[in-house]
$ cat run-v4.pdb   # PDB, C-alpha atoms and all ligand atoms
ATOM      1  CA  MET D   1     -19.799  -0.818   9.448  1.00  0.00           C
ATOM      2  CA  ALA D   2     -16.902  -1.676   7.116  1.00  0.00           C
ATOM      3  CA  THR D   3     -14.146  -3.784   8.616  1.00  0.00           C
ATOM      4  CA  GLU D   4     -12.048  -4.573   5.551  1.00  0.00           C
ATOM      5  CA  ARG D   5      -8.447  -3.454   5.919  1.00  0.00           C
ATOM      6  CA  THR D   6      -5.558  -3.091   3.509  1.00  0.00           C
ATOM      7  CA  TYR D   7      -1.825  -2.537   3.683  1.00  0.00           C
ATOM      8  CA  ILE D   8      -0.602   0.406   1.622  1.00  0.00           C
ATOM      9  CA  MET D   9       3.132   1.087   1.435  1.00  0.00           C
ATOM     10  CA  VAL D  10       4.935   3.981  -0.201  1.00  0.00           C
ATOM     11  CA  LYS D  11       8.081   2.455  -1.680  1.00  0.00           C
ATOM     12  CA  PRO D  12      11.564   4.021  -1.394  1.00  0.00           C
ATOM     13  CA  ASP D  13      11.185   5.941  -4.677  1.00  0.00           C
ATOM     14  CA  GLY D  14       7.859   7.401  -3.544  1.00  0.00           C
ATOM     15  CA  VAL D  15       9.276   8.378  -0.155  1.00  0.00           C
ATOM     16  CA  GLU D  16      12.370  10.009  -1.636  1.00  0.00           C
ATOM     17  CA  ARG D  17      10.279  11.869  -4.213  1.00  0.00           C
ATOM     18  CA  GLY D  18       8.097  13.342  -1.466  1.00  0.00           C
ATOM     19  CA  LEU D  19       4.896  11.578  -2.511  1.00  0.00           C
ATOM     20  CA  VAL D  20       3.832  10.299   0.920  1.00  0.00           C
ATOM     21  CA  GLY D  21       1.463  13.211   1.554  1.00  0.00           C
ATOM     22  CA  GLU D  22      -0.041  12.944  -1.919  1.00  0.00           C
ATOM     23  CA  ILE D  23      -0.785   9.247  -1.447  1.00  0.00           C
ATOM     24  CA  VAL D  24      -2.217   9.717   2.040  1.00  0.00           C
ATOM     25  CA  LYS D  25      -4.382  12.533   0.681  1.00  0.00           C
ATOM     26  CA  ARG D  26      -5.927  10.343  -2.017  1.00  0.00           C
ATOM     27  CA  PHE D  27      -7.053   7.721   0.493  1.00  0.00           C
ATOM     28  CA  GLU D  28      -8.283  10.401   2.902  1.00  0.00           C
ATOM     29  CA  ASN D  29     -10.134  12.256   0.144  1.00  0.00           C
ATOM     30  CA  LYS D  30     -11.893   9.049  -0.851  1.00  0.00           C
ATOM     31  CA  GLY D  31     -13.240   8.755   2.680  1.00  0.00           C
ATOM     32  CA  TYR D  32     -11.104   5.910   3.969  1.00  0.00           C
ATOM     33  CA  GLN D  33      -9.758   5.861   7.507  1.00  0.00           C
ATOM     34  CA  MET D  34      -6.132   5.438   8.510  1.00  0.00           C
ATOM     35  CA  LEU D  35      -5.393   3.022  11.343  1.00  0.00           C
ATOM     36  CA  ALA D  36      -1.596   2.979  11.338  1.00  0.00           C
ATOM     37  CA  LEU D  37       1.394   4.713   9.778  1.00  0.00           C
ATOM     38  CA  GLN D  38       5.114   4.030  10.094  1.00  0.00           C
ATOM     39  CA  MET D  39       8.373   4.870   8.389  1.00  0.00           C
ATOM     40  CA  ILE D  40      10.692   1.889   8.509  1.00  0.00           C
ATOM     41  CA  GLN D  41      13.902   0.720   6.857  1.00  0.00           C
ATOM     42  CA  PRO D  42      12.895  -2.838   5.977  1.00  0.00           C
ATOM     43  CA  THR D  43      15.296  -5.752   6.255  1.00  0.00           C
ATOM     44  CA  LYS D  44      15.927  -8.099   3.358  1.00  0.00           C
ATOM     45  CA  ALA D  45      14.217 -10.881   5.300  1.00  0.00           C
ATOM     46  CA  LEU D  46      11.066  -8.802   5.837  1.00  0.00           C
ATOM     47  CA  LEU D  47      10.873  -7.884   2.152  1.00  0.00           C
ATOM     48  CA  GLU D  48      11.439 -11.476   1.055  1.00  0.00           C
ATOM     49  CA  GLU D  49       8.576 -12.547   3.299  1.00  0.00           C
ATOM     50  CA  HIS D  50       6.337  -9.717   2.054  1.00  0.00           C
ATOM     51  CA  TYR D  51       6.955 -10.698  -1.590  1.00  0.00           C
ATOM     52  CA  THR D  52       7.176 -14.450  -0.925  1.00  0.00           C
ATOM     53  CA  ASP D  53       4.731 -15.248  -3.783  1.00  0.00           C
ATOM     54  CA  LEU D  54       7.175 -13.698  -6.271  1.00  0.00           C
ATOM     55  CA  LYS D  55      10.314 -15.575  -5.097  1.00  0.00           C
ATOM     56  CA  GLU D  56      10.709 -17.468  -8.370  1.00  0.00           C
ATOM     57  CA  LYS D  57      10.229 -14.453 -10.659  1.00  0.00           C
ATOM     58  CA  PRO D  58      13.263 -13.256 -12.627  1.00  0.00           C
ATOM     59  CA  PHE D  59      12.751  -9.702 -11.363  1.00  0.00           C
ATOM     60  CA  PHE D  60      12.719 -10.760  -7.682  1.00  0.00           C
ATOM     61  CA  PRO D  61      16.368  -9.872  -6.859  1.00  0.00           C
ATOM     62  CA  GLY D  62      15.977  -6.458  -8.518  1.00  0.00           C
ATOM     63  CA  LEU D  63      12.704  -5.884  -6.671  1.00  0.00           C
ATOM     64  CA  ILE D  64      14.310  -6.627  -3.293  1.00  0.00           C
ATOM     65  CA  LYS D  65      17.303  -4.409  -4.085  1.00  0.00           C
ATOM     66  CA  TYR D  66      15.021  -1.512  -5.023  1.00  0.00           C
ATOM     67  CA  MET D  67      12.878  -1.973  -1.925  1.00  0.00           C
ATOM     68  CA  LEU D  68      16.028  -1.913   0.241  1.00  0.00           C
ATOM     69  CA  ALA D  69      17.182   1.417  -1.221  1.00  0.00           C
ATOM     70  CA  GLY D  70      15.651   3.494   1.576  1.00  0.00           C
ATOM     71  CA  PRO D  71      12.854   3.685   4.092  1.00  0.00           C
ATOM     72  CA  VAL D  72       9.285   2.831   3.200  1.00  0.00           C
ATOM     73  CA  VAL D  73       6.118   4.314   4.676  1.00  0.00           C
ATOM     74  CA  GLY D  74       3.629   1.590   5.522  1.00  0.00           C
ATOM     75  CA  MET D  75       0.015   2.206   6.401  1.00  0.00           C
ATOM     76  CA  VAL D  76      -3.094   0.333   7.401  1.00  0.00           C
ATOM     77  CA  TRP D  77      -6.370   1.684   6.038  1.00  0.00           C
ATOM     78  CA  ILE D  78      -9.938   0.532   6.685  1.00  0.00           C
ATOM     79  CA  GLY D  79     -13.165   0.947   4.751  1.00  0.00           C
ATOM     80  CA  LYS D  80     -15.765  -0.616   2.492  1.00  0.00           C
ATOM     81  CA  ASP D  81     -14.151  -2.640  -0.349  1.00  0.00           C
ATOM     82  CA  ILE D  82     -10.823  -0.983   0.433  1.00  0.00           C
ATOM     83  CA  VAL D  83      -8.619  -3.752  -0.986  1.00  0.00           C
ATOM     84  CA  LYS D  84     -10.151  -3.555  -4.447  1.00  0.00           C
ATOM     85  CA  VAL D  85     -10.704   0.197  -4.456  1.00  0.00           C
ATOM     86  CA  GLY D  86      -7.243   0.811  -3.004  1.00  0.00           C
ATOM     87  CA  ARG D  87      -5.737  -1.017  -5.964  1.00  0.00           C
ATOM     88  CA  ARG D  88      -7.885   1.064  -8.269  1.00  0.00           C
ATOM     89  CA  LEU D  89      -6.492   4.208  -6.649  1.00  0.00           C
ATOM     90  CA  LEU D  90      -2.975   2.811  -7.246  1.00  0.00           C
ATOM     91  CA  GLY D  91      -3.491   1.889 -10.917  1.00  0.00           C
ATOM     92  CA  GLU D  92      -1.940  -1.037 -12.794  1.00  0.00           C
ATOM     93  CA  THR D  93       1.326  -2.700 -11.788  1.00  0.00           C
ATOM     94  CA  ASN D  94       2.965  -1.048 -14.811  1.00  0.00           C
ATOM     95  CA  PRO D  95       2.671   2.743 -14.455  1.00  0.00           C
ATOM     96  CA  LEU D  96       2.675   3.195 -18.241  1.00  0.00           C
ATOM     97  CA  ALA D  97      -0.495   1.064 -18.409  1.00  0.00           C
ATOM     98  CA  SER D  98      -2.141   3.015 -15.559  1.00  0.00           C
ATOM     99  CA  ASN D  99      -4.826   5.586 -16.202  1.00  0.00           C
ATOM    100  CA  PRO D 100      -4.193   9.231 -15.423  1.00  0.00           C
ATOM    101  CA  GLY D 101      -5.839   9.971 -12.103  1.00  0.00           C
ATOM    102  CA  THR D 102      -4.283   6.906 -10.475  1.00  0.00           C
ATOM    103  CA  ILE D 103      -1.178   7.140  -8.299  1.00  0.00           C
ATOM    104  CA  ARG D 104       1.021   5.073 -10.628  1.00  0.00           C
ATOM    105  CA  GLY D 105      -0.571   6.668 -13.703  1.00  0.00           C
ATOM    106  CA  ASP D 106       0.124  10.166 -12.449  1.00  0.00           C
ATOM    107  CA  PHE D 107       3.594   9.707 -10.983  1.00  0.00           C
ATOM    108  CA  GLY D 108       5.408   6.718 -12.507  1.00  0.00           C
ATOM    109  CA  ILE D 109       6.926   5.331 -15.681  1.00  0.00           C
ATOM    110  CA  ASP D 110       8.821   2.045 -15.071  1.00  0.00           C
ATOM    111  CA  VAL D 111       7.292  -1.063 -13.457  1.00  0.00           C
ATOM    112  CA  GLY D 112      10.321  -1.413 -11.196  1.00  0.00           C
ATOM    113  CA  ARG D 113       9.732   2.102  -9.809  1.00  0.00           C
ATOM    114  CA  ASN D 114       5.997   2.061  -9.273  1.00  0.00           C
ATOM    115  CA  ILE D 115       5.864   4.159  -6.099  1.00  0.00           C
ATOM    116  CA  CYS D 116       3.334   2.358  -3.967  1.00  0.00           C
ATOM    117  CA  HIS D 117       2.212  -1.109  -2.852  1.00  0.00           C
ATOM    118  CA  GLY D 118      -1.361  -2.189  -2.152  1.00  0.00           C
ATOM    119  CA  SER D 119      -2.557  -5.595  -0.933  1.00  0.00           C
ATOM    120  CA  ASP D 120      -4.251  -7.723  -3.589  1.00  0.00           C
ATOM    121  CA  SER D 121      -6.813  -9.599  -1.437  1.00  0.00           C
ATOM    122  CA  PRO D 122      -8.332  -9.230   2.048  1.00  0.00           C
ATOM    123  CA  ALA D 123      -6.445 -12.352   3.191  1.00  0.00           C
ATOM    124  CA  ASN D 124      -3.124 -11.029   1.914  1.00  0.00           C
ATOM    125  CA  ALA D 125      -3.911  -7.662   3.507  1.00  0.00           C
ATOM    126  CA  GLU D 126      -4.241  -9.289   6.934  1.00  0.00           C
ATOM    127  CA  ARG D 127      -1.050 -11.308   6.335  1.00  0.00           C
ATOM    128  CA  GLU D 128       0.861  -8.155   5.385  1.00  0.00           C
ATOM    129  CA  ILE D 129      -0.556  -6.129   8.292  1.00  0.00           C
ATOM    130  CA  SER D 130       0.635  -8.808  10.756  1.00  0.00           C
ATOM    131  CA  LEU D 131       4.034  -8.872   9.054  1.00  0.00           C
ATOM    132  CA  TRP D 132       4.643  -5.112   9.052  1.00  0.00           C
ATOM    133  CA  PHE D 133       2.832  -4.292  12.294  1.00  0.00           C
ATOM    134  CA  PRO D 134       3.648  -7.288  14.516  1.00  0.00           C
ATOM    135  CA  ASN D 135       2.618  -5.362  17.631  1.00  0.00           C
ATOM    136  CA  GLY D 136      -0.876  -4.803  16.291  1.00  0.00           C
ATOM    137  CA  VAL D 137      -2.789  -1.775  15.130  1.00  0.00           C
ATOM    138  CA  VAL D 138      -4.950   0.640  17.099  1.00  0.00           C
ATOM    139  CA  HIS D 139      -8.627   0.699  16.205  1.00  0.00           C
ATOM    140  CA  TRP D 140     -10.311   4.028  16.710  1.00  0.00           C
ATOM    141  CA  ASN D 141     -13.846   5.140  15.999  1.00  0.00           C
ATOM    142  CA  ARG D 142     -14.467   7.978  13.615  1.00  0.00           C
ATOM    143  CA  ALA D 143     -17.800   8.668  15.271  1.00  0.00           C
ATOM    144  CA  HIS D 144     -18.685  12.050  13.788  1.00  0.00           C
ATOM    145  CA  VAL D 145     -17.506  11.702  10.199  1.00  0.00           C
ATOM    146  CA  GLN D 146     -18.707   8.118   9.724  1.00  0.00           C
ATOM    147  CA  ASN D 147     -22.298   9.112   8.889  1.00  0.00           C
ATOM    148  CA  LEU D 148     -21.138  11.655   6.324  1.00  0.00           C
ATOM    149  CA  ILE D 149     -19.277   8.988   4.342  1.00  0.00           C
ATOM    150  CA  TYR D 150     -21.423   5.870   4.788  1.00  0.00           C
ATOM    151  CA  GLU D 151     -25.243   5.759   4.427  1.00  0.00           C
TER     152      GLU D 151
HETATM  153  P1  LIG D 201       1.482  -5.209  -7.648  1.00  0.00           P
HETATM  154  O1  LIG D 201       2.500  -4.392  -6.913  1.00  0.00           O
HETATM  155  O2  LIG D 201       0.707  -4.378  -8.640  1.00  0.00           O
HETATM  156  O3  LIG D 201       0.587  -6.010  -6.741  1.00  0.00           O
HETATM  157  P2  LIG D 201       2.923  -7.687  -8.142  1.00  0.00           P
HETATM  158  O4  LIG D 201       2.500  -8.086  -6.774  1.00  0.00           O
HETATM  159  O5  LIG D 201       2.647  -8.616  -9.264  1.00  0.00           O
HETATM  160  O6  LIG D 201       2.287  -6.265  -8.545  1.00  0.00           O
HETATM  161  O7  LIG D 201       4.492  -7.380  -8.147  1.00  0.00           O
HETATM  162  C1  LIG D 201       5.085  -6.756  -7.038  1.00  0.00           C
HETATM  163  C2  LIG D 201       6.069  -5.737  -7.539  1.00  0.00           C
HETATM  164  O8  LIG D 201       7.087  -6.384  -8.288  1.00  0.00           O
HETATM  165  C3  LIG D 201       5.465  -4.696  -8.486  1.00  0.00           C
HETATM  166  O9  LIG D 201       4.833  -3.641  -7.798  1.00  0.00           O
HETATM  167  C4  LIG D 201       6.673  -4.260  -9.236  1.00  0.00           C
HETATM  168  C5  LIG D 201       7.491  -5.532  -9.347  1.00  0.00           C
HETATM  169  N1  LIG D 201       7.212  -6.202 -10.618  1.00  0.00           N
HETATM  170  C6  LIG D 201       6.100  -6.867 -10.964  1.00  0.00           C
HETATM  171  N2  LIG D 201       6.172  -7.342 -12.216  1.00  0.00           N
HETATM  172  C7  LIG D 201       7.372  -6.950 -12.679  1.00  0.00           C
HETATM  173  C8  LIG D 201       8.058  -7.109 -13.921  1.00  0.00           C
HETATM  174  N3  LIG D 201       7.520  -7.783 -14.932  1.00  0.00           N
HETATM  175  N4  LIG D 201       9.295  -6.538 -14.030  1.00  0.00           N
HETATM  176  C9  LIG D 201       9.847  -5.862 -13.010  1.00  0.00           C
HETATM  177  N5  LIG D 201       9.261  -5.672 -11.814  1.00  0.00           N
HETATM  178  C10 LIG D 201       8.036  -6.214 -11.660  1.00  0.00           C
HETATM  179 MG    MG D 202       1.135  -7.500  -5.386  1.00  0.00          MG
END

$ encode --input "run-v4.pdb" --output "structure tokens"
Amino acid sequence: MATERTYIMVKPDGVERGLVGEIVKRFENKGYQMLALQMIQPTKALLEEHYTDLKEKPFFPGLIKYMLAGPVVGMVWIGKDIVKVGRRLLGETNPLASNPGTIRGDFGIDVGRNICHGSDSPANAEREISLWFPNGVVHWNRAHVQNLIYE
């Protein structure tokens, strides 16, 4: 039974372009299970904490400004190897370097408008889930479908 979780977040450009359903669909189609979903207008403080590792980067102020431009849709997903595979579904950080068939490869051009966030390690996933869902996340059992997706 897979217990690895990841935090996936449609960024303001993805929300405004109406790509939330498309992104949800790709994770659902793969067989992963959604545990939480919220639309939220993040504060500057929340975003600075989320991207704390990038504080010293020259693009940090621009990144925060872009992420403040509108609401984001944050999700928690669970499944086998979901952190790594979730990032594969997203593509590379730079959409122009992302393969067709990936979210960023199919829908983006500039690195500063790359549509969707995905955690980069299981530990960071848990940190981000606690940050964005401080009240916790419901765990539900997908009893009937589980055996059709996992052997
Ligand atoms: P990722 O989102 O693929 O995990 P990251 O964590 O290194 O990439 O960076 C977070 C976000 O910051 C990324 O999605 C877009 C932005 N970013 C990264 N590198 C950038 C750069 N060189 N110029 C502008 N924005 C950048
Ligand atoms: Mg990252």

$ atom_distance --input "run-v4.pdb" --atom1 "atom CA of D:Thr43" --atom2 "atom CA of D:Asp120"
22.0 Å

$ resolve_selection --input "run-v4.pdb" --expression "the PyMOL selection byres (((chain D and resi 5) around 6) and not hetatm)" --output "ChimeraX atom specification"
/D:4,6,77-78

$ axis_aligned_box --input "run-v4.pdb" --around "ligand LIG 201 (chain D)" --padding-each-side "3 Å" --output "AutoDock Vina command-line options"
--center_x 5.2 --center_y -6.1 --center_z -10.8 --size_x 15.3 --size_y 11.0 --size_z 14.2

$ residues_around --input "run-v4.pdb" --residues "stretch 125-138 of chain D" --least-positions-apart "5" --cutoff "8 Å" --atoms "only C-alpha atoms" --output "JSON, numbers by chain"
{"D": [5, 6, 7, 35, 36, 46, 50, 74, 76, 83, 119, 120]}

$ residues_near_ligand --input "run-v4.pdb" --ligand "ligand MG 202 (chain D)" --cutoff "9 Å" --atoms "all atoms listed in the file" --output "short mmCIF file (atom, residue, chain, number, x, y, z; two decimals) with C-alpha atoms, in the coordinates of the input"
data_model
loop_
_atom_site.label_atom_id
_atom_site.label_comp_id
_atom_site.auth_asym_id
_atom_site.auth_seq_id
_atom_site.Cartn_x
_atom_site.Cartn_y
_atom_site.Cartn_z
CA TYR D 51 6.96 -10.70 -1.59
CA ASP D 53 4.73 -15.25 -3.78
CA LEU D 54 7.18 -13.70 -6.27
CA THR D 93 1.33 -2.70 -11.79
CA HIS D 117 2.21 -1.11 -2.85
CA GLY D 118 -1.36 -2.19 -2.15
CA SER D 119 -2.56 -5.60 -0.93
CA ASP D 120 -4.25 -7.72 -3.59
#

$ closest_atom_pairs --input "run-v4.pdb" --of "chain D" --to "ligand LIG 201 (chain D)" --cutoff "12 Å" --atoms "all atoms listed in the file" --output "CSV"
residue,atom,partner,partner_atom,distance
D:Tyr7,CA,D:LIG201,O3,11.2
D:Ile8,CA,D:LIG201,O1,10.3
D:Met9,CA,D:LIG201,O1,10.0
D:Val10,CA,D:LIG201,O9,10.8
D:Lys11,CA,D:LIG201,O9,9.2
D:Asp13,CA,D:LIG201,O9,11.9
D:Leu47,CA,D:LIG201,C1,10.9
D:Glu48,CA,D:LIG201,C1,11.3
D:His50,CA,D:LIG201,C1,9.6
D:Tyr51,CA,D:LIG201,C1,7.0
D:Thr52,CA,D:LIG201,O4,9.8
D:Asp53,CA,D:LIG201,O4,8.1
D:Leu54,CA,D:LIG201,O7,7.1
D:Lys55,CA,D:LIG201,O8,10.3
D:Glu56,CA,D:LIG201,O8,11.7
D:Lys57,CA,D:LIG201,C7,8.3
D:Pro58,CA,D:LIG201,N4,7.9
D:Phe59,CA,D:LIG201,C9,5.1
D:Phe60,CA,D:LIG201,O8,7.2
D:Pro61,CA,D:LIG201,N5,9.6
D:Gly62,CA,D:LIG201,N5,7.5
D:Leu63,CA,D:LIG201,O8,5.9
D:Ile64,CA,D:LIG201,O8,8.8
D:Lys65,CA,D:LIG201,C5,11.2
D:Tyr66,CA,D:LIG201,C5,9.6
D:Met67,CA,D:LIG201,C2,9.6
D:Val83,CA,D:LIG201,O3,11.1
D:Lys84,CA,D:LIG201,O3,11.3
D:Gly86,CA,D:LIG201,O3,11.0
D:Arg87,CA,D:LIG201,O2,7.7
D:Arg88,CA,D:LIG201,O2,10.2
D:Leu89,CA,D:LIG201,O2,11.4
D:Leu90,CA,D:LIG201,O2,8.2
D:Gly91,CA,D:LIG201,O2,7.9
D:Glu92,CA,D:LIG201,O2,6.0
D:Thr93,CA,D:LIG201,O2,3.6
D:Asn94,CA,D:LIG201,O2,7.4
D:Pro95,CA,D:LIG201,O2,9.4
D:Ala97,CA,D:LIG201,O2,11.2
D:Ser98,CA,D:LIG201,O2,10.5
D:Ile103,CA,D:LIG201,O2,11.7
D:Arg104,CA,D:LIG201,O2,9.7
D:Gly108,CA,D:LIG201,O9,11.4
D:Ile109,CA,D:LIG201,C4,11.6
D:Asp110,CA,D:LIG201,C9,8.2
D:Val111,CA,D:LIG201,N5,5.3
D:Gly112,CA,D:LIG201,N5,4.4
D:Arg113,CA,D:LIG201,C4,7.1
D:Asn114,CA,D:LIG201,O9,6.0
D:Ile115,CA,D:LIG201,O9,8.0
D:Cys116,CA,D:LIG201,O9,7.3
D:His117,CA,D:LIG201,O1,5.2
D:Gly118,CA,D:LIG201,O3,6.3
D:Ser119,CA,D:LIG201,O3,6.6
D:Asp120,CA,D:LIG201,O3,6.0
D:Ser121,CA,D:LIG201,O3,9.8
D:Asn124,CA,D:LIG201,O3,10.7
D:Ala125,CA,D:LIG201,O3,11.3

$ closest_residue --input "run-v4.pdb" --among "D:Thr102, D:Asn29, D:Thr3, D:Gln38" --to "D:Asn141" --atoms "only C-alpha atoms"
D:Thr3

$ atom_distance --input "run-v4.pdb" --atom1 "atom CA of D:Gly21" --atom2 "atom CA of D:Ala123"
26.8 Å

$ atom_distance --input "run-v4.pdb" --atom1 "atom CA of D:Tyr150" --atom2 "atom CA of D:Gly79"
9.6 Å

$ resolve_selection --input "run-v4.pdb" --expression "the PyMOL selection byres (((chain D and resi 41) around 6) and not hetatm)" --output "number ranges by chain"
D: 40, 42, 71

$ closest_residue --input "run-v4.pdb" --among "D:Met34, D:Leu96, D:Val24, D:Ala2" --to "D:Trp140" --atoms "only C-alpha atoms"
D:Met34

$ closest_residue --input "run-v4.pdb" --among "D:Leu37, D:Ala143, D:Ala69, D:Leu148" --to "D:Gly14" --atoms "only C-alpha atoms"
D:Ala69

$ closest_residue --input "run-v4.pdb" --among "D:Lys25, D:Lys30, D:Lys44, D:Arg17" --to "D:Lys80" --atoms "all atoms listed in the file"
D:Lys30

$ closest_residue --input "run-v4.pdb" --among "D:Ile149, D:Ile82, D:Val73, D:Ala45" --to "D:Phe27" --atoms "all atoms listed in the file"
D:Ile82
